[in-house]
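S.K.: Pasting start.txt below, which is compact mmCIF, C-alpha atoms and all ligand atoms.
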```txt
# COMPACT_ATOMS: atom_id res chain seq x y z
CA MET Y 192 0.00 0.00 0.00
CA THR Y 193 1.38 3.45 -0.89
CA PRO Y 194 1.54 6.01 1.97
CA LEU Y 195 -1.10 8.07 0.14
CA GLU Y 196 -3.47 5.09 -0.13
CA HIS Y 197 -3.36 4.82 3.65
CA ILE Y 198 -4.21 8.55 4.01
CA ILE Y 199 -7.04 8.30 1.44
CA LYS Y 200 -8.56 5.26 3.17
CA GLN Y 201 -8.46 7.06 6.51
CA GLU Y 202 -10.21 10.07 5.01
CA ILE Y 203 -12.90 7.87 3.44
CA ALA Y 204 -13.35 5.93 6.70
CA GLY Y 205 -13.83 9.25 8.55
CA SER Y 206 -15.91 11.29 6.08
CA GLY Y 207 -17.38 8.87 3.54
CA PRO Y 208 -16.70 8.48 -0.18
CA MET Y 209 -14.35 11.04 -1.72
CA SER Y 210 -15.09 12.74 -5.05
CA VAL Y 211 -13.01 11.83 -8.10
CA GLU Y 212 -11.83 15.45 -8.09
CA ARG Y 213 -10.50 15.17 -4.53
CA TYR Y 214 -8.90 11.78 -5.27
CA MET Y 215 -7.13 13.18 -8.33
CA THR Y 216 -6.03 16.28 -6.42
CA LEU Y 217 -4.48 14.18 -3.65
CA CYS Y 218 -2.85 11.72 -6.06
CA LEU Y 219 -1.22 14.45 -8.14
CA SER Y 220 -0.69 17.30 -5.69
CA ASP Y 221 -0.66 16.09 -2.07
CA PRO Y 222 2.13 18.23 -0.52
CA ASP Y 223 4.05 15.14 0.67
CA HIS Y 224 2.98 12.24 -1.52
CA GLY Y 225 1.51 13.79 -4.70
CA TYR Y 226 2.78 12.28 -7.94
CA TYR Y 227 4.11 15.55 -9.41
CA ILE Y 228 5.22 17.00 -6.10
CA LYS Y 229 7.78 14.39 -5.17
CA GLN Y 230 9.49 13.43 -8.42
CA ASP Y 231 10.49 13.98 -12.04
CA PRO Y 232 8.32 11.42 -13.86
CA PHE Y 233 9.57 12.01 -17.42
CA GLY Y 234 11.75 10.01 -19.78
CA ARG Y 235 12.51 6.38 -20.47
CA ALA Y 236 13.41 5.74 -16.83
CA GLY Y 237 10.23 7.50 -15.68
CA ASP Y 238 6.56 6.91 -16.43
CA PHE Y 239 5.91 8.68 -19.73
CA ILE Y 240 7.55 10.68 -22.51
CA THR Y 241 5.91 13.91 -23.67
CA ALA Y 242 6.32 15.54 -27.09
CA PRO Y 243 9.12 17.96 -26.08
CA GLU Y 244 11.00 15.06 -24.49
CA THR Y 245 10.59 13.08 -27.74
CA SER Y 246 12.42 15.60 -29.90
CA GLN Y 247 13.80 19.14 -29.88
CA MET Y 248 11.80 19.68 -33.10
CA PHE Y 249 8.57 20.02 -31.12
CA GLY Y 250 9.71 23.04 -29.09
CA GLU Y 251 11.57 24.51 -32.05
CA LEU Y 252 8.44 24.51 -34.21
CA ILE Y 253 6.49 26.17 -31.41
CA GLY Y 254 9.30 28.77 -31.38
CA VAL Y 255 8.71 29.30 -35.10
CA TRP Y 256 4.98 29.66 -34.40
CA CYS Y 257 5.70 32.32 -31.75
CA VAL Y 258 8.11 34.27 -33.95
CA ASP Y 259 5.58 34.38 -36.77
CA LEU Y 260 3.09 35.99 -34.39
CA VAL Y 261 5.63 38.42 -32.98
CA GLN Y 262 6.61 39.49 -36.48
CA ARG Y 263 3.00 40.08 -37.49
CA SER Y 264 1.89 41.86 -34.32
CA HIS Y 265 3.30 45.17 -33.04
CA ALA Y 266 1.40 44.51 -29.84
CA LEU Y 267 3.81 41.65 -29.08
CA SER Y 268 6.97 43.75 -29.38
CA ALA Y 269 7.29 43.46 -25.59
CA LEU Y 270 5.97 40.20 -24.32
CA ASN Y 271 5.67 37.87 -21.38
CA LEU Y 272 6.25 34.29 -22.40
CA ILE Y 273 4.26 32.06 -20.06
CA GLU Y 274 4.41 28.31 -19.84
CA LEU Y 275 1.85 26.37 -17.83
CA GLY Y 276 3.18 23.08 -16.45
CA PRO Y 277 6.68 23.21 -17.99
CA GLY Y 278 7.75 19.67 -16.97
CA ARG Y 279 11.53 19.61 -17.32
CA GLY Y 280 11.70 22.99 -19.09
CA THR Y 281 12.75 21.32 -22.34
CA LEU Y 282 10.02 22.81 -24.54
CA LEU Y 283 10.77 26.30 -23.29
CA CYS Y 284 14.50 26.06 -24.01
CA ASP Y 285 13.96 24.62 -27.51
CA LEU Y 286 11.31 27.26 -28.21
CA VAL Y 287 13.43 30.23 -27.08
CA ARG Y 288 16.55 28.94 -28.88
CA ALA Y 289 14.62 28.65 -32.16
CA GLY Y 290 12.76 31.93 -31.57
CA ARG Y 291 15.90 33.95 -30.86
CA THR Y 292 17.54 32.84 -34.10
CA SER Y 293 15.12 34.93 -36.11
CA SER Y 294 13.99 37.41 -33.47
CA PRO Y 295 16.79 38.22 -30.98
CA ALA Y 296 14.60 40.27 -28.63
CA PHE Y 297 12.08 37.46 -28.44
CA ALA Y 298 10.61 36.91 -24.98
CA ASP Y 299 11.48 39.75 -22.60
CA ALA Y 300 10.33 37.87 -19.56
CA ILE Y 301 9.67 34.19 -18.95
CA HIS Y 302 7.08 33.11 -16.41
CA LEU Y 303 6.57 29.49 -15.45
CA VAL Y 304 3.46 28.21 -13.70
CA GLU Y 305 4.55 25.12 -11.81
CA GLN Y 306 3.25 23.58 -8.60
CA SER Y 307 5.92 20.93 -8.09
CA PRO Y 308 9.04 21.82 -6.07
CA ALA Y 309 10.83 18.79 -7.57
CA LEU Y 310 10.09 19.91 -11.13
CA ARG Y 311 10.88 23.56 -10.36
CA ARG Y 312 14.39 22.39 -9.41
CA VAL Y 313 14.74 20.47 -12.69
CA GLN Y 314 13.41 23.47 -14.68
CA ARG Y 315 15.85 25.83 -12.93
CA GLU Y 316 18.78 23.60 -13.96
CA THR Y 317 17.55 23.20 -17.55
CA LEU Y 318 17.07 26.95 -17.94
CA LYS Y 319 20.41 27.75 -16.29
CA ASP Y 320 22.20 25.45 -18.76
CA ALA Y 321 20.48 27.31 -21.59
CA GLY Y 322 21.39 30.72 -20.12
CA LEU Y 323 17.75 31.63 -19.47
CA ASP Y 324 16.14 33.41 -16.54
CA ALA Y 325 12.57 32.91 -15.41
CA ARG Y 326 10.14 33.60 -12.61
CA TRP Y 327 8.04 30.85 -11.09
CA HIS Y 328 4.40 31.12 -10.11
CA LYS Y 329 1.75 28.93 -8.53
CA GLY Y 330 -0.91 30.35 -10.83
CA LEU Y 331 -1.55 33.12 -13.36
CA ASP Y 332 -2.53 35.75 -10.76
CA SER Y 333 1.01 36.78 -9.81
CA ILE Y 334 2.22 37.14 -13.42
CA PRO Y 335 2.52 40.84 -14.34
CA ARG Y 336 -0.09 42.14 -16.76
CA GLY Y 337 1.06 42.80 -20.31
CA ALA Y 338 1.07 41.29 -23.77
CA PHE Y 339 1.65 37.57 -23.58
CA ILE Y 340 2.03 34.25 -25.31
CA ALA Y 341 1.05 31.30 -23.09
CA ILE Y 342 1.95 27.71 -23.91
CA ALA Y 343 0.37 24.66 -22.28
CA ASN Y 344 1.48 21.24 -23.48
CA GLU Y 345 -0.05 18.32 -21.61
CA PHE Y 346 -0.99 20.63 -18.75
CA PHE Y 347 -4.78 20.64 -18.86
CA ASP Y 348 -5.01 16.83 -18.87
CA ALA Y 349 -3.29 16.83 -15.47
CA LEU Y 350 -5.94 19.01 -13.80
CA PRO Y 351 -8.46 17.22 -11.56
CA ILE Y 352 -11.84 16.43 -13.10
CA ARG Y 353 -15.28 15.91 -11.63
CA GLN Y 354 -17.23 12.90 -12.83
CA TYR Y 355 -21.02 12.59 -12.75
CA GLN Y 356 -22.92 9.37 -13.25
CA GLN Y 357 -26.54 8.93 -14.38
CA THR Y 358 -28.33 6.67 -11.89
CA ALA Y 359 -31.92 5.42 -11.50
CA SER Y 360 -32.54 8.43 -9.26
CA GLY Y 361 -30.79 11.03 -11.42
CA TRP Y 362 -27.27 12.43 -11.66
CA ARG Y 363 -24.83 11.75 -8.82
CA GLN Y 364 -21.19 12.67 -8.34
CA ARG Y 365 -18.91 9.68 -9.00
CA ALA Y 366 -16.80 9.00 -5.95
CA ILE Y 367 -14.32 6.61 -4.40
CA GLY Y 368 -15.24 4.57 -1.34
CA LEU Y 369 -14.22 1.30 0.28
CA ASP Y 370 -15.70 -2.07 -0.70
CA SER Y 371 -16.59 -4.80 1.84
CA ASN Y 372 -12.91 -5.86 1.88
CA GLY Y 373 -11.72 -2.34 2.60
CA VAL Y 374 -10.36 -1.92 -0.95
CA LEU Y 375 -10.74 1.38 -2.83
CA ALA Y 376 -13.70 1.14 -5.22
CA PHE Y 377 -15.79 3.49 -7.37
CA THR Y 378 -19.23 4.40 -6.07
CA THR Y 379 -21.66 7.31 -6.42
CA GLY Y 380 -22.43 10.01 -3.86
CA ASP Y 381 -25.84 10.14 -2.15
CA GLU Y 382 -26.49 13.83 -2.80
CA PRO Y 383 -28.60 14.57 -5.91
CA VAL Y 384 -26.70 16.69 -8.43
CA SER Y 385 -28.51 19.60 -10.05
CA GLU Y 386 -28.81 19.17 -13.81
CA SER Y 387 -27.15 22.58 -14.25
CA ALA Y 388 -23.88 21.00 -13.03
CA ILE Y 389 -23.88 18.62 -15.99
CA PRO Y 390 -22.21 20.03 -19.10
CA PRO Y 391 -24.93 21.30 -21.45
CA GLY Y 392 -25.34 18.96 -24.41
CA LEU Y 393 -24.48 15.92 -22.27
CA ARG Y 394 -27.50 15.93 -19.96
CA ASP Y 395 -29.57 13.37 -21.81
CA GLN Y 396 -27.71 10.14 -21.00
CA PRO Y 397 -28.75 6.54 -20.23
CA GLN Y 398 -28.34 5.07 -16.76
CA GLY Y 399 -24.71 4.29 -15.97
CA ALA Y 400 -23.32 6.96 -18.31
CA ILE Y 401 -20.46 9.07 -16.97
CA VAL Y 402 -19.77 12.67 -17.95
CA GLU Y 403 -16.87 14.82 -16.87
CA CYS Y 404 -15.97 18.44 -16.32
CA CYS Y 405 -12.73 20.09 -15.26
CA PRO Y 406 -13.29 23.14 -13.03
CA GLY Y 407 -9.53 23.86 -12.86
CA ALA Y 408 -9.19 24.01 -16.65
CA GLN Y 409 -12.24 26.26 -16.88
CA ALA Y 410 -10.86 28.62 -14.24
CA ILE Y 411 -7.54 28.95 -16.09
CA VAL Y 412 -9.15 29.50 -19.49
CA ALA Y 413 -11.41 32.12 -17.91
CA GLN Y 414 -8.36 33.89 -16.42
CA LEU Y 415 -6.50 33.80 -19.74
CA ALA Y 416 -9.52 35.12 -21.64
CA ASP Y 417 -10.01 37.90 -19.06
CA ARG Y 418 -6.37 38.95 -19.51
CA MET Y 419 -6.87 38.92 -23.27
CA ARG Y 420 -9.53 41.58 -22.93
CA SER Y 421 -7.12 44.06 -21.31
CA HIS Y 422 -3.85 43.00 -22.99
CA PRO Y 423 -3.12 41.36 -26.31
CA GLY Y 424 -2.45 37.70 -25.71
CA ILE Y 425 -2.67 34.23 -27.12
CA ALA Y 426 -2.68 30.79 -25.53
CA LEU Y 427 -1.54 27.65 -27.32
CA ILE Y 428 -3.13 24.57 -25.80
CA ILE Y 429 -1.84 21.15 -26.87
CA ASP Y 430 -3.35 18.11 -25.25
CA TYR Y 431 -5.19 14.91 -25.88
CA GLY Y 432 -8.91 14.65 -26.15
CA PRO Y 433 -11.67 14.58 -28.74
CA ARG Y 434 -12.71 17.59 -30.83
CA ARG Y 435 -16.25 17.45 -29.45
CA SER Y 436 -17.52 16.85 -25.91
CA GLY Y 437 -18.88 13.38 -25.30
CA ALA Y 438 -19.94 11.11 -22.45
CA GLY Y 439 -17.50 8.51 -21.09
CA ASP Y 440 -14.97 7.79 -18.39
CA THR Y 441 -11.59 9.08 -19.60
CA LEU Y 442 -9.74 8.99 -16.28
CA GLN Y 443 -6.60 6.94 -16.71
CA ALA Y 444 -3.46 6.03 -14.79
CA VAL Y 445 -0.02 5.43 -16.28
CA ALA Y 446 3.10 4.13 -14.55
CA ARG Y 447 6.31 2.87 -16.19
CA HIS Y 448 4.89 3.57 -19.66
CA ALA Y 449 1.87 1.30 -19.15
CA ARG Y 450 -1.77 1.83 -18.20
CA THR Y 451 -2.54 0.74 -14.64
CA PRO Y 452 -5.85 0.63 -12.73
CA VAL Y 453 -6.81 4.13 -11.58
CA LEU Y 454 -7.26 3.14 -7.93
CA GLN Y 455 -4.03 1.14 -7.69
CA ALA Y 456 -0.97 2.84 -6.21
CA PRO Y 457 -2.34 6.37 -5.55
CA GLY Y 458 0.47 8.91 -5.75
CA ASP Y 459 2.76 6.53 -7.64
CA ALA Y 460 1.01 6.68 -11.03
CA ASP Y 461 0.20 9.64 -13.27
CA LEU Y 462 -3.53 10.37 -13.51
CA THR Y 463 -4.96 12.21 -16.50
CA ALA Y 464 -8.27 12.77 -18.25
CA HIS Y 465 -9.19 13.88 -21.76
CA VAL Y 466 -9.37 17.62 -22.27
CA ASP Y 467 -12.82 18.81 -23.33
CA PHE Y 468 -11.74 21.25 -26.04
CA SER Y 469 -15.34 22.17 -26.97
CA ALA Y 470 -16.16 23.19 -23.41
CA LEU Y 471 -13.01 25.32 -23.12
CA ALA Y 472 -13.62 26.90 -26.54
CA ALA Y 473 -17.22 27.78 -25.61
CA LEU Y 474 -16.07 29.41 -22.38
CA ALA Y 475 -13.32 31.41 -24.13
CA ARG Y 476 -15.79 32.65 -26.77
CA GLN Y 477 -18.29 33.59 -24.10
CA LYS Y 478 -15.52 35.67 -22.46
CA GLY Y 479 -14.93 37.50 -25.74
CA ALA Y 480 -11.83 35.71 -27.03
CA ALA Y 481 -11.26 34.31 -30.51
CA VAL Y 482 -10.76 30.54 -30.76
CA TYR Y 483 -8.82 28.72 -33.47
CA GLY Y 484 -9.11 24.96 -33.86
CA PRO Y 485 -8.69 22.46 -32.46
CA CYS Y 486 -6.74 20.86 -35.27
CA THR Y 487 -4.69 17.71 -34.91
CA GLN Y 488 -1.11 17.88 -33.66
CA ARG Y 489 -0.19 16.31 -36.99
CA ALA Y 490 -1.77 19.15 -38.99
CA PHE Y 491 -0.16 21.74 -36.71
CA LEU Y 492 3.37 20.32 -36.87
CA LEU Y 493 3.31 19.53 -40.60
CA ALA Y 494 2.06 23.03 -41.40
CA LEU Y 495 4.89 24.51 -39.34
CA GLY Y 496 7.50 22.51 -41.28
CA LEU Y 497 8.16 19.36 -39.24
CA GLU Y 498 9.32 17.38 -42.27
CA ALA Y 499 11.66 20.09 -43.54
CA ARG Y 500 13.13 20.53 -40.06
CA ALA Y 501 13.62 16.77 -39.72
CA SER Y 502 15.37 16.56 -43.12
CA ARG Y 503 17.68 19.42 -42.18
CA LEU Y 504 18.61 17.78 -38.86
CA ALA Y 505 19.05 14.37 -40.52
CA ARG Y 506 21.50 15.78 -43.09
CA SER Y 507 24.06 16.53 -40.41
CA ALA Y 508 23.30 13.40 -38.33
CA GLY Y 509 24.84 9.95 -38.31
CA ARG Y 510 22.79 6.92 -39.38
CA THR Y 511 21.55 6.04 -35.88
CA GLN Y 512 20.67 9.65 -35.14
CA ALA Y 513 18.86 9.97 -38.49
CA ARG Y 514 16.78 6.90 -37.63
CA LEU Y 515 15.85 8.48 -34.29
CA ILE Y 516 14.77 11.67 -36.07
CA THR Y 517 12.51 9.66 -38.41
CA ALA Y 518 11.05 7.81 -35.43
CA ALA Y 519 10.42 11.11 -33.63
CA VAL Y 520 8.52 12.50 -36.64
CA GLU Y 521 6.37 9.37 -36.63
CA ARG Y 522 5.72 9.60 -32.90
CA LEU Y 523 4.87 13.30 -32.94
CA ALA Y 524 2.75 13.35 -36.11
CA GLY Y 525 1.89 9.74 -36.99
CA VAL Y 526 -1.83 9.07 -37.18
CA ARG Y 527 -1.49 6.06 -34.90
CA ALA Y 528 0.84 7.89 -32.51
CA MET Y 529 0.39 11.39 -31.09
CA GLY Y 530 -0.55 12.97 -34.43
CA HIS Y 531 -4.29 12.42 -34.23
CA LEU Y 532 -4.84 11.81 -30.54
CA PHE Y 533 -3.37 15.18 -29.59
CA LYS Y 534 -5.17 18.36 -30.59
CA VAL Y 535 -4.00 21.95 -30.83
CA MET Y 536 -6.26 24.86 -29.97
CA MET Y 537 -5.50 28.56 -29.71
CA ILE Y 538 -7.37 31.18 -27.73
CA ALA Y 539 -6.51 34.79 -28.53
CA SER Y 540 -7.45 38.42 -28.09
CA LYS Y 541 -9.59 39.46 -31.02
CA SER Y 542 -6.97 42.12 -31.87
CA MET Y 543 -4.27 39.47 -32.42
CA PRO Y 544 -3.41 38.34 -35.94
CA VAL Y 545 -4.80 34.96 -36.97
CA PRO Y 546 -2.19 32.43 -35.80
CA GLU Y 547 -0.62 29.72 -37.94
CA PRO Y 548 -1.62 27.26 -39.26
CA PHE Y 549 -5.03 28.95 -39.48
CA HIS Y 550 -3.55 32.07 -41.12
CA SER Y 551 -2.24 30.19 -44.18
CA ALA Y 552 -4.82 27.44 -44.56
CA ARG Y 553 -7.60 25.77 -42.68
CA PRO Y 554 -6.15 22.42 -41.50
C1 LIG Y 601 2.35 15.99 -18.04
S1 LIG Y 601 3.36 17.22 -17.39
C2 LIG Y 601 3.72 18.12 -18.90
C3 LIG Y 601 5.06 18.74 -18.85
C4 LIG Y 601 5.53 19.52 -20.08
N1 LIG Y 601 4.60 20.52 -20.50
C5 LIG Y 601 5.86 18.59 -21.21
O1 LIG Y 601 5.15 18.62 -22.21
O2 LIG Y 601 6.84 17.86 -21.11
C6 LIG Y 601 2.33 18.30 -16.46
C7 LIG Y 601 3.04 19.49 -15.87
O3 LIG Y 601 2.07 20.33 -15.25
C8 LIG Y 601 2.45 20.56 -13.89
N2 LIG Y 601 1.20 20.74 -13.14
C9 LIG Y 601 0.22 19.83 -12.99
N3 LIG Y 601 -0.81 20.37 -12.29
C10 LIG Y 601 -0.47 21.64 -12.02
C11 LIG Y 601 -1.11 22.72 -11.34
N4 LIG Y 601 -2.31 22.57 -10.80
N5 LIG Y 601 -0.47 23.90 -11.25
C12 LIG Y 601 0.75 24.05 -11.81
N6 LIG Y 601 1.42 23.07 -12.47
C13 LIG Y 601 0.82 21.88 -12.58
C14 LIG Y 601 3.25 19.34 -13.53
O4 LIG Y 601 4.02 19.50 -12.37
C15 LIG Y 601 4.07 19.16 -14.80
O5 LIG Y 601 5.11 20.10 -14.88
```
Could you show the structure in this file as structure tokens?

M.R.:
Amino acid sequence: MTPLEHIIKQEIAGSGPMSVERYMTLCLSDPDHGYYIKQDPFGRAGDFITAPETSQMFGELIGVWCVDLVQRSHALSALNLIELGPGRGTLLCDLVRAGRTSSPAFADAIHLVEQSPALRRVQRETLKDAGLDARWHKGLDSIPRGAFIAIANEFFDALPIRQYQQTASGWRQRAIGLDSNGVLAFTTGDEPVSESAIPPGLRDQPQGAIVECCPGAQAIVAQLADRMRSHPGIALIIDYGPRRSGAGDTLQAVARHARTPVLQAPGDADLTAHVDFSALAALARQKGAAVYGPCTQRAFLLALGLEARASRLARSAGRTQARLITAAVERLAGVRAMGHLFKVMMIASKSMPVPEPFHSARP
């Protein structure tokens, strides 16, 4: 039993079943035992490999995307570069290196939103090696106002979700309790849930159906869109999830590069859920922002020149390295790899130029 499982069982024994949102919050962010708080989970020796950890090309192409915007918008001549959930800091370093090649003054100030002390340490080292300075924040509130570009790669999928289940007596919150053997098990809360809590468009579901919402993601998108009303800004959101909202249980756990049961080993496995792009887009529009996409990660990276960049890198690489570059292109953009599963959406001030790849063509 993990130390966190013991704590969770005690809490359930004392106060009754715990919501999925609370379970996810404890598993990922408990100050002592939370998954992200205590460790660096990335890489082959860790639990998963994200796109920036797959290849430098990912961050470089995002750098190209940023420079294009900076060059087409006077409003971005002084800019805060914000990254939400920067992991090891790899994306940021690749992005700034590529951005500075064509736009030396690119990114006046770098702000990182990171909750994990362990990952902040890793980010500090990565940035120091790249000669970059940054300020760290727990949330967007403390970041100075001003024009901004915000990047969030695989950040929103790590934010705790609420799950609701349709039962014979109406919607209930899905929760985690203890079965007759004292083992963690899914259940539903006793309190009726008002239909207004269920995402519109998903209210008419058969018994047993599960729907999800992510209050944390909504709060951050609302904050970004509010900033965009007073200062020119754009947010690039890359994550996995469907284009349109749908019912279904998308909560999943991954440890050592393999799916594991969600209730096994709390605090020792990564927990994620699909990002509901439609819900976030609707909220951003309601707050007055423009929304572009989502398009697939494949469409985004190919439009930004992934293949040309890969060919250029391969020309100066040895045979083994060239094979790794080809494999990275396949992993990032392949239809059976991240290319279709991951989506790219942009939320922007209406005064901002239309971002690529939507500026050149509709992917
Ligand atoms: C899956 S990792 C993605 C890392 C990086 N963007 C990448 O692509 O490699 C999620 C990141 O978000 C951070 N994170 C998760 N929840 C957070 C929260 N509520 N506030 C701030 N950072 C958070 C994690 O510590 C980690 O850095």

S.K.: Around (-2.2, 6.8, -12.1) in the file's own coordinates, what residues are found within 9 Å if you use all atoms listed in the file, given back as a ChimeraX atom specification?

M.R.: /Y:215,218-219,226,442-446,450-463

S.K.: Pick the closest to ligand LIG 601 (chain Y) from Y:Arg503, Y:Arg510, Y:Lys229, Y:Lys541: which is it, counting all atoms listed in the file?

M.R.: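 Distance minimum relative to ligand LIG 601 (chain Y) lands on Y:Lys229.
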
S.K.: Within 10 Å of Y:Ile334, counting all atoms listed in the file, which residues show up once you throw out same-chain ones fewer than 2 positions away? Write them as a ChimeraX atom specification, please.

M.R.: /Y:271,273,301-304,326-332,336-337

S.K.: Would you kindly return, as an MDAnalysis selection string, each protein, DNA or RNA residue with an atom no farther than 7 Å from any atom of stretch 375-379 of chain Y, considering all atoms listed in the file and excluding same-chain residues fewer than 3 positions away?

M.R.: chainID Y and resid 363:370 454

S.K.: Throw together the list of residues within 6 Å of ligand LIG 601 (chain Y), counting only C-alpha atoms and all ligand atoms, and drop it here as a list in words.

M.R.: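 Sorted by chain and then by number, the residues are Tyr227, Thr241, Ala242, Pro243, Gly276, Pro277, Gly278, Val304, Glu305, Gln306, Ser307, Lys329, Asn344, Glu345, Phe346, Ala349 and Leu350 of chain Y.
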
S.K.: Rounded to one decimal in Å, what is the spacing between atom CA of Y:Phe297 and atom CA of Y:Ile425?

M.R.: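 The value is 15.2 Å.
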
S.K.: Go ahead and compute the interatomic distance for atom CA of Y:Ala300 and atom CA of Y:Val535, in Å to one decimal.

M.R.: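 Computed distance, atom CA of Y:Ala300 to atom CA of Y:Val535, equals 24.2 Å.
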
S.K.: When you count all atoms listed in the file, which of these residues is closest to Y:Gly407: Y:Leu471, Y:Ala426, Y:Ala341, Y:Val374?

M.R.: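 Among Y:Leu471, Y:Ala426, Y:Ala341, Y:Val374, it is Y:Leu471 that comes nearest to Y:Gly407.
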
S.K.: Grab the atom CA of Y:Asp324 to atom CA of Y:Cys284 distance for me, in Å with one decimal place.

M.R.: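 Computed distance, atom CA of Y:Asp324 to atom CA of Y:Cys284, equals 10.6 Å.
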
S.K.: At a cut-off of 12 Å, using all atoms listed in the file, what residues contact Y:Pro548? Leave out same-chain residues fewer than 2 positions from it and give the result as an mmCIF file with C-alpha atoms, in the frame of the given file.

M.R.:
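Everything below was put into around38.cif:
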```cif
data_model
loop_
_atom_site.group_PDB
_atom_site.id
_atom_site.type_symbol
_atom_site.label_atom_id
_atom_site.label_comp_id
_atom_site.auth_asym_id
_atom_site.auth_seq_id
_atom_site.Cartn_x
_atom_site.Cartn_y
_atom_site.Cartn_z
ATOM 1 C CA LEU Y 252 8.440 24.510 -34.210
ATOM 2 C CA ILE Y 253 6.490 26.170 -31.410
ATOM 3 C CA VAL Y 255 8.710 29.300 -35.100
ATOM 4 C CA TRP Y 256 4.980 29.660 -34.400
ATOM 5 C CA CYS Y 257 5.700 32.320 -31.750
ATOM 6 C CA ASP Y 259 5.580 34.380 -36.770
ATOM 7 C CA LEU Y 260 3.090 35.990 -34.390
ATOM 8 C CA LEU Y 427 -1.540 27.650 -27.320
ATOM 9 C CA TYR Y 483 -8.820 28.720 -33.470
ATOM 10 C CA GLY Y 484 -9.110 24.960 -33.860
ATOM 11 C CA PRO Y 485 -8.690 22.460 -32.460
ATOM 12 C CA CYS Y 486 -6.740 20.860 -35.270
ATOM 13 C CA THR Y 487 -4.690 17.710 -34.910
ATOM 14 C CA GLN Y 488 -1.110 17.880 -33.660
ATOM 15 C CA ARG Y 489 -0.190 16.310 -36.990
ATOM 16 C CA ALA Y 490 -1.770 19.150 -38.990
ATOM 17 C CA PHE Y 491 -0.160 21.740 -36.710
ATOM 18 C CA LEU Y 492 3.370 20.320 -36.870
ATOM 19 C CA LEU Y 493 3.310 19.530 -40.600
ATOM 20 C CA ALA Y 494 2.060 23.030 -41.400
ATOM 21 C CA LEU Y 495 4.890 24.510 -39.340
ATOM 22 C CA GLY Y 496 7.500 22.510 -41.280
ATOM 23 C CA VAL Y 535 -4.000 21.950 -30.830
ATOM 24 C CA MET Y 536 -6.260 24.860 -29.970
ATOM 25 C CA MET Y 537 -5.500 28.560 -29.710
ATOM 26 C CA PRO Y 544 -3.410 38.340 -35.940
ATOM 27 C CA VAL Y 545 -4.800 34.960 -36.970
ATOM 28 C CA PRO Y 546 -2.190 32.430 -35.800
ATOM 29 C CA HIS Y 550 -3.550 32.070 -41.120
ATOM 30 C CA SER Y 551 -2.240 30.190 -44.180
ATOM 31 C CA ALA Y 552 -4.820 27.440 -44.560
ATOM 32 C CA ARG Y 553 -7.600 25.770 -42.680
ATOM 33 C CA PRO Y 554 -6.150 22.420 -41.500
#
```

S.K.: Of the candidates Y:Val287, Y:Ile516, Y:Ala416, Y:Cys405, which shows the shortest atom-to-atom distance to Y:Pro390, using only C-alpha atoms?

M.R.: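 Comparing Y:Val287, Y:Ile516, Y:Ala416, Y:Cys405 against Y:Pro390, the winner is Y:Cys405.
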
S.K.: Using only C-alpha atoms, pick whichever of Y:Ala269, Y:Ala472, Y:Ile538, Y:Ile401 has the shortest atom-to-atom distance to Y:Ile389.

M.R.: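 Once distances to Y:Ile389 are computed over only C-alpha atoms, the minimum belongs to Y:Ile401.
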
S.K.: Could you check the closest approach to Y:Ala499 for each of Y:Met248, Y:Leu532, Y:Pro391, Y:Arg315 and tell me which residue wins, using all atoms listed in the file?

M.R.: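 Answer, going by the shortest atom-to-atom distance: Y:Met248.
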
S.K.: Just want the 7 Å neighbourhood of Y:Ile352, counted on all atoms listed in the file, with same-chain residues fewer than 4 positions away dropped. Output as a list of chain:residue names.

M.R.: Y:Val211, Y:Glu212, Y:Glu403, Y:Cys404, Y:Cys405, Y:Pro406

S.K.: Measuring atom to atom with all atoms listed in the file, identify which of Y:Gln262, Y:Ser246, Y:Ser507, Y:Ser360 is nearest to Y:Leu523.

M.R.: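 Answer, going by the shortest atom-to-atom distance: Y:Ser246.
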
S.K.: Need to verify the contact set: Y:Pro194, 8 Å, all atoms listed in the file, exclusion of same-chain residues closer than 3 positions in sequence. Can you return it as a PyMOL selection string?

M.R.: chain Y and resi 197-198+224
